[in-house]
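Enquirer: Got a file for you: entry-v3.txt, compact mmCIF, C-alpha atoms.
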# COMPACT_ATOMS: atom_id res chain seq x y z
CA MET A 1 2.18 5.56 5.45
CA SER A 2 4.85 6.31 8.04
CA ASP A 3 2.51 5.39 10.91
CA ALA A 4 1.53 2.03 9.41
CA LEU A 5 1.97 -0.84 11.88
CA PRO A 6 3.19 -4.33 10.94
CA ILE A 7 0.41 -6.83 10.20
CA ALA A 8 0.72 -10.13 12.05
CA ALA A 9 -2.77 -11.66 12.09
CA LEU A 10 -4.09 -14.10 9.49
CA PRO A 11 -5.45 -14.18 6.84
CA LEU A 12 -2.88 -11.69 5.68
CA ARG A 13 -4.51 -10.89 2.35
CA GLU A 14 -7.67 -9.68 4.12
CA HIS A 15 -5.76 -7.51 6.56
CA VAL A 16 -3.55 -6.09 3.81
CA TYR A 17 -6.62 -5.34 1.68
CA GLU A 18 -8.38 -3.56 4.56
CA ARG A 19 -5.25 -1.58 5.49
CA LEU A 20 -4.69 -0.43 1.92
CA GLN A 21 -8.37 0.38 1.49
CA GLU A 22 -8.26 2.60 4.60
CA LEU A 23 -5.17 4.37 3.27
CA LEU A 24 -6.96 4.96 -0.03
CA ILE A 25 -10.11 6.24 1.68
CA SER A 26 -8.16 8.65 3.87
CA ARG A 27 -6.15 9.84 0.83
CA SER A 28 -2.88 8.79 2.47
CA LEU A 29 -2.58 7.02 -0.86
CA ALA A 30 -3.87 9.79 -3.12
CA PRO A 31 -5.54 9.60 -6.54
CA GLY A 32 -2.86 9.16 -9.19
CA ASP A 33 -0.25 7.72 -6.80
CA HIS A 34 1.92 4.88 -8.12
CA LEU A 35 1.65 1.85 -5.82
CA VAL A 36 4.89 -0.12 -5.67
CA GLU A 37 4.57 -3.66 -4.28
CA GLU A 38 7.99 -3.72 -2.62
CA ARG A 39 7.45 -0.40 -0.88
CA LEU A 40 3.96 -1.30 0.36
CA ALA A 41 5.15 -4.69 1.59
CA ALA A 42 7.98 -3.09 3.55
CA GLN A 43 5.71 -0.46 5.09
CA LEU A 44 3.09 -3.03 6.12
CA GLY A 45 5.64 -5.56 7.34
CA VAL A 46 4.52 -8.37 5.03
CA SER A 47 5.82 -10.19 1.97
CA ARG A 48 4.93 -9.11 -1.56
CA GLY A 49 2.48 -11.99 -2.07
CA PRO A 50 -0.38 -10.64 0.11
CA VAL A 51 0.20 -7.16 -1.28
CA ARG A 52 -0.08 -8.45 -4.84
CA GLU A 53 -3.32 -10.28 -3.98
CA ALA A 54 -4.71 -7.17 -2.29
CA LEU A 55 -3.85 -5.00 -5.28
CA GLN A 56 -5.62 -7.42 -7.62
CA ARG A 57 -8.74 -7.22 -5.45
CA LEU A 58 -8.55 -3.43 -5.17
CA HIS A 59 -8.38 -3.34 -8.96
CA ARG A 60 -11.48 -5.56 -9.27
CA ASP A 61 -13.31 -3.38 -6.76
CA GLY A 62 -12.50 -0.19 -8.67
CA TRP A 63 -10.10 1.49 -6.23
CA ILE A 64 -6.96 1.22 -8.38
CA THR A 65 -5.94 0.52 -11.98
CA LEU A 66 -3.34 -2.07 -12.97
CA ARG A 67 -1.48 -0.98 -16.09
CA PRO A 68 0.59 -3.61 -17.95
CA ARG A 69 4.32 -2.85 -17.73
CA HIS A 70 3.63 0.26 -15.63
CA GLY A 71 2.19 -1.06 -12.36
CA ALA A 72 -0.68 -0.06 -10.07
CA PHE A 73 -2.10 3.45 -9.76
CA VAL A 74 -4.75 4.89 -7.45
CA ASN A 75 -7.88 5.78 -9.38
CA LYS A 76 -9.20 9.31 -9.66
CA PRO A 77 -12.99 9.50 -9.34
CA THR A 78 -14.46 10.15 -12.76
CA ARG A 79 -17.51 12.28 -13.40
CA GLN A 80 -19.51 9.15 -14.23
CA GLN A 81 -18.46 7.46 -10.98
CA VAL A 82 -19.44 10.54 -8.99
CA HIS A 83 -22.88 10.72 -10.58
CA GLU A 84 -23.53 7.01 -10.16
CA PHE A 85 -22.46 7.19 -6.51
CA PHE A 86 -24.73 10.09 -5.68
CA GLU A 87 -27.69 8.60 -7.56
CA ALA A 88 -27.35 5.42 -5.53
CA ARG A 89 -26.78 7.29 -2.29
CA GLN A 90 -29.91 9.40 -2.74
CA LEU A 91 -32.06 6.33 -3.34
CA VAL A 92 -30.68 4.40 -0.37
CA GLU A 93 -30.41 7.18 2.19
CA ARG A 94 -33.71 8.84 1.37
CA GLU A 95 -35.54 5.57 1.96
CA ALA A 96 -33.47 4.87 5.07
CA ALA A 97 -34.48 8.21 6.58
CA HIS A 98 -38.13 7.53 5.77
CA LEU A 99 -38.05 4.07 7.37
CA ALA A 100 -36.04 5.28 10.36
CA ALA A 101 -38.73 7.88 11.10
CA VAL A 102 -41.53 5.31 10.75
CA ARG A 103 -39.76 2.72 12.94
CA ARG A 104 -38.04 5.02 15.42
CA THR A 105 -37.82 4.33 19.12
CA PRO A 106 -36.98 6.86 21.83
CA GLU A 107 -33.52 5.28 22.00
CA ASP A 108 -33.03 5.74 18.25
CA ALA A 109 -33.96 9.42 18.45
CA ALA A 110 -31.66 9.98 21.42
CA GLU A 111 -28.72 8.30 19.64
CA LEU A 112 -29.06 10.42 16.48
CA LEU A 113 -29.31 13.66 18.43
CA GLU A 114 -26.38 12.66 20.65
CA ILE A 115 -24.21 12.05 17.57
CA CYS A 116 -25.11 15.55 16.38
CA ASP A 117 -24.32 17.05 19.79
CA ARG A 118 -20.91 15.37 19.95
CA ALA A 119 -20.07 16.46 16.41
CA ASP A 120 -21.04 20.07 17.16
CA ALA A 121 -18.89 20.05 20.30
CA ASP A 122 -15.90 18.57 18.49
CA TRP A 123 -16.24 21.06 15.64
CA ARG A 124 -16.17 23.95 18.12
CA ARG A 125 -13.06 22.42 19.72
CA GLY A 126 -11.35 22.24 16.33
CA VAL A 127 -10.79 18.50 16.19
CA PRO A 128 -8.98 17.10 13.11
CA SER A 129 -10.95 16.60 9.92
CA GLN A 130 -10.69 12.82 10.10
CA GLU A 131 -12.51 12.82 13.44
CA MET A 132 -15.30 14.92 11.94
CA ALA A 133 -15.46 12.49 9.03
CA ALA A 134 -15.87 9.65 11.54
CA HIS A 135 -18.84 11.49 13.10
CA THR A 136 -20.40 11.83 9.65
CA ALA A 137 -19.99 8.12 8.91
CA ARG A 138 -21.45 7.29 12.33
CA PHE A 139 -24.50 9.48 11.74
CA HIS A 140 -25.33 8.06 8.32
CA ARG A 141 -24.82 4.49 9.53
CA ALA A 142 -27.11 5.12 12.50
CA VAL A 143 -29.88 6.26 10.15
CA LEU A 144 -29.40 3.07 8.13
CA VAL A 145 -29.42 0.91 11.26
CA HIS A 146 -32.59 2.53 12.56
CA ALA A 147 -34.32 1.85 9.23
CA ARG A 148 -34.20 -1.83 10.32
CA ASN A 149 -33.67 -3.23 6.84
CA HIS A 150 -30.59 -5.45 6.58
CA LEU A 151 -30.26 -5.22 2.80
CA LEU A 152 -30.54 -1.44 2.89
CA LEU A 153 -27.84 -1.41 5.57
CA GLN A 154 -25.53 -3.54 3.41
CA PHE A 155 -25.98 -1.26 0.42
CA GLY A 156 -25.45 1.80 2.59
CA GLU A 157 -22.25 0.47 4.12
CA GLN A 158 -20.80 -0.15 0.66
CA LEU A 159 -21.66 3.41 -0.33
CA SER A 160 -20.15 4.73 2.91
CA LEU A 161 -16.67 3.61 1.88
CA ARG A 162 -16.96 5.56 -1.37
CA SER A 163 -18.39 8.55 0.47
CA ARG A 164 -15.41 8.69 2.83
CA TRP A 165 -13.07 8.45 -0.17
CA PHE A 166 -14.76 11.26 -2.09
CA PHE A 167 -15.08 13.62 0.86
CA ALA A 168 -11.81 13.07 2.75
CA PRO A 169 -10.23 16.29 1.35
CA LEU A 170 -13.39 18.35 1.85
CA VAL A 171 -14.51 17.67 5.42
CA SER A 172 -13.25 20.92 6.94
CA SER A 173 -14.85 23.07 4.24
CA ILE A 174 -18.34 21.55 4.34
CA ALA A 175 -18.64 20.40 7.97
CA PRO A 176 -20.67 23.33 9.41
CA ARG A 177 -23.36 23.14 6.73
CA ALA A 178 -23.42 19.35 6.67
CA TRP A 179 -23.92 19.08 10.41
CA HIS A 180 -26.76 21.60 10.35
CA GLU A 181 -28.41 19.35 7.77
CA HIS A 182 -27.69 16.23 9.84
CA ARG A 183 -29.45 17.77 12.82
CA GLN A 184 -32.47 18.64 10.68
CA VAL A 185 -32.71 15.02 9.55
CA ALA A 186 -32.23 13.74 13.11
CA GLU A 187 -34.94 15.98 14.52
CA LEU A 188 -37.42 14.99 11.79
CA ILE A 189 -36.71 11.30 12.36
CA ALA A 190 -37.12 11.80 16.12
CA ALA A 191 -40.46 13.50 15.50
CA GLY A 192 -41.67 10.68 13.24
CA GLU A 193 -41.98 13.03 10.25
CA ALA A 194 -41.17 10.35 7.69
CA ALA A 195 -41.88 12.26 4.46
CA ARG A 196 -40.07 15.38 5.64
CA ALA A 197 -37.13 13.34 6.96
CA ALA A 198 -36.80 11.62 3.59
CA GLU A 199 -36.91 14.96 1.75
CA ALA A 200 -34.36 16.50 4.14
CA MET A 201 -31.99 13.59 3.57
CA HIS A 202 -32.50 13.84 -0.20
CA ARG A 203 -31.69 17.55 -0.07
CA HIS A 204 -28.64 16.91 2.15
CA VAL A 205 -27.20 14.40 -0.32
CA ALA A 206 -27.89 16.74 -3.25
CA LEU A 207 -26.11 19.62 -1.52
CA SER A 208 -23.21 17.34 -0.57
CA ARG A 209 -22.94 16.41 -4.24
CA ASN A 210 -22.79 20.07 -5.16
CA SER A 211 -20.03 20.72 -2.63
CA TYR A 212 -18.01 17.88 -4.06
CA LEU A 213 -18.46 18.96 -7.67
CA GLU A 214 -17.71 22.62 -6.93
CA ILE A 215 -14.59 22.01 -4.83
CA HIS A 216 -13.02 18.75 -5.96
CA PRO A 217 -10.48 19.17 -8.77
CA ASP A 218 -11.06 15.70 -10.27
CA GLY A 219 -13.61 15.17 -13.03
CA ASP A 220 -13.34 18.61 -14.69
CA VAL A 221 -16.79 19.64 -13.42
CA HIS A 222 -18.04 23.21 -13.83
CA GLU A 223 -20.95 25.26 -12.53
CA THR A 224 -22.83 24.56 -15.77
CA ASP A 225 -23.12 20.92 -14.62
CA LEU A 226 -25.41 22.01 -11.77
CA VAL A 227 -29.14 22.65 -11.60
CA PRO A 228 -31.26 23.99 -8.70
CA VAL A 229 -32.10 21.79 -5.72
CA PRO A 230 -35.88 22.20 -5.20
CA GLY A 231 -36.74 24.22 -2.13
CA THR A 232 -33.21 25.41 -1.38
CA GLY A 233 -32.13 27.88 -4.06
CA ALA A 234 -28.98 25.75 -4.29
CA GLN A 235 -27.71 23.73 -7.22
CA ALA A 236 -27.64 20.02 -7.94
CA THR A 237 -26.25 18.02 -10.84
CA GLY A 238 -28.54 17.52 -13.77
CA PRO A 239 -29.56 14.08 -15.07
CA GLY A 240 -27.35 12.34 -17.60
CA ARG A 241 -24.30 14.49 -16.93
Go through the file and emit its structure as structure tokens.
Expert:
Amino acid sequence: MSDALPIAALPLREHVYERLQELLISRSLAPGDHLVEERLAAQLGVSRGPVREALQRLHRDGWITLRPRHGAFVNKPTRQQVHEFFEARQLVEREAAHLAAVRRTPEDAAELLEICDRADADWRRGVPSQEMAAHTARFHRAVLVHARNHLLLQFGEQLSLRSRWFFAPLVSSIAPRAWHEHRQVAELIAAGEAARAAEAMHRHVALSRNSYLEIHPDGDVHETDLVPVPGTGAQATGPGR
């Protein structure tokens, strides 16, 4: 929070909401943190009113919990939230990869492969984790854009915020494997291999889910919550868990 800049533009409540949401996603405001209106207002350079409105909206949107007489606290992702997120992400991104391969143009293929090239170069240079996370978000959004379905894009962008929140602490540990999988998806889309691109994206999301569940301390998840991912020898979460 020390690098937060004062907010001057209107409407303040929207800017305050977006600033706090970014701090939540990046884990600058970490799960379990107590959010104090006065402190947040001072750090953002605004009055308490817009902060209070933003906290109410963040509560409605599931980012924080408002506890009577205790205040606001950053939510910890529950096991149920994690499973619901990954179920939705598999449905949306699998279909997006399929459509992107069917509707690809040479420019689409070049963009996806260029994103992979830049990410590989930055990983070798040792750029900060947040920059690698930005590459990941850019890649997944590009697949959604190239699917050329506006509703699918809207759903995907909503999921992207949650994805960044879940994976912010894990980027450095899963980046090499994830970017190998991104390149596989990009190459299959570029080749017009729609069914294989969809399956590769499905497998990528399943393996990303495993990485989260194996590494992340929240949710009390154990290896017994995982089942094999077909065709990989890896594990994925079982249904209904």
Enquirer: CA of Arg141 in chain A to CA of Leu12 in chain A: how many Å, to one decimal?
Expert: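 CA of Arg141 in chain A sits 27.5 Å away from CA of Leu12 in chain A.
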Enquirer: Under the rule of at most 9 Å, produce a per-residue listing of range 3-56 of chain A near range 75-99 of chain A: chain, number, name, the closest pair of atoms, and the distance in Å, as a tab-separated table, using only C-alpha atoms.
Expert:
residue	atom	partner	partner_atom	distance
A:Ala30	CA	A:Asn75	CA	8.4
A:Pro31	CA	A:Lys76	CA	4.8
A:Gly32	CA	A:Asn75	CA	6.1
A:Asp33	CA	A:Asn75	CA	8.3
Enquirer: Calculate how many Å separate CA of Glu187 in chain A from CA of Val205 in chain A, rounding to one decimal.
Expert: 16.8 Å
Enquirer: Have a look at CA of His182 in chain A and CA of Ile215 in chain A and let me know their distance in Å, one decimal.
Expert: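 Distance reported for this atom pair: 20.5 Å.
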Enquirer: Neighbours of Arg39 in chain A within 10 Å (all atoms listed in the file; same-chain residues fewer than 5 positions away dropped), as a PyMOL selection string?
Expert: chain A and resi 44-45+48+51
Enquirer: For Ser26 in chain A, which residue among A:Arg164, A:Arg209, A:Arg57, A:Arg183 is the nearest when counting only C-alpha atoms?
Expert: A:Arg164
Enquirer: For Phe73 in chain A, which of A:Glu107, A:Glu37, A:Glu14, A:Glu22 is the closest residue, counting only C-alpha atoms?
Expert: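 For Phe73 in chain A, the nearest of the candidates is A:Glu37.
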Enquirer: Which residue gives the smallest distance to His140 in chain A among A:Val102, A:Leu213, A:Leu170, A:Ala186, with only C-alpha atoms counted?
Expert: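 Comparing A:Val102, A:Leu213, A:Leu170, A:Ala186 against His140 in chain A, the winner is A:Ala186.
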Enquirer: Need the shell around Leu161 in chain A: protein/DNA/RNA residues with any atom at most 12 Å away, counting all atoms listed in the file. Skip same-chain ones fewer than 4 positions apart. Format as a list in words?
Expert: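 The residues satisfying every condition are Glu18, Gln21, Glu22, Leu23, Leu24, Ile25, Ser26, Asp61, Gly62, Trp63, Phe85, Arg89, Ala133, Ala134, Thr136, Ala137, His140, Arg141, Gln154, Phe155, Gly156, Glu157, Trp165, Phe166, Phe167 and Ala168 of chain A.
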Enquirer: Using all atoms listed in the file, can you tell me which of A:Ala42, A:Leu207, A:Val74, A:Met132 comes closest to Arg27 in chain A?
Expert: A:Val74
Enquirer: Could you check the closest approach to Leu152 in chain A for each of A:Val46, A:Leu20, A:Ala100, A:Ala206 and tell me which residue wins, using all atoms listed in the file?
Expert: A:Ala100
Enquirer: Kindly indicate which residue among A:Ser47, A:Arg138, A:Ser208, A:Ser129 lies nearest to Leu112 in chain A, using all atoms listed in the file for the distances.
Expert: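 Closest candidate: A:Arg138.
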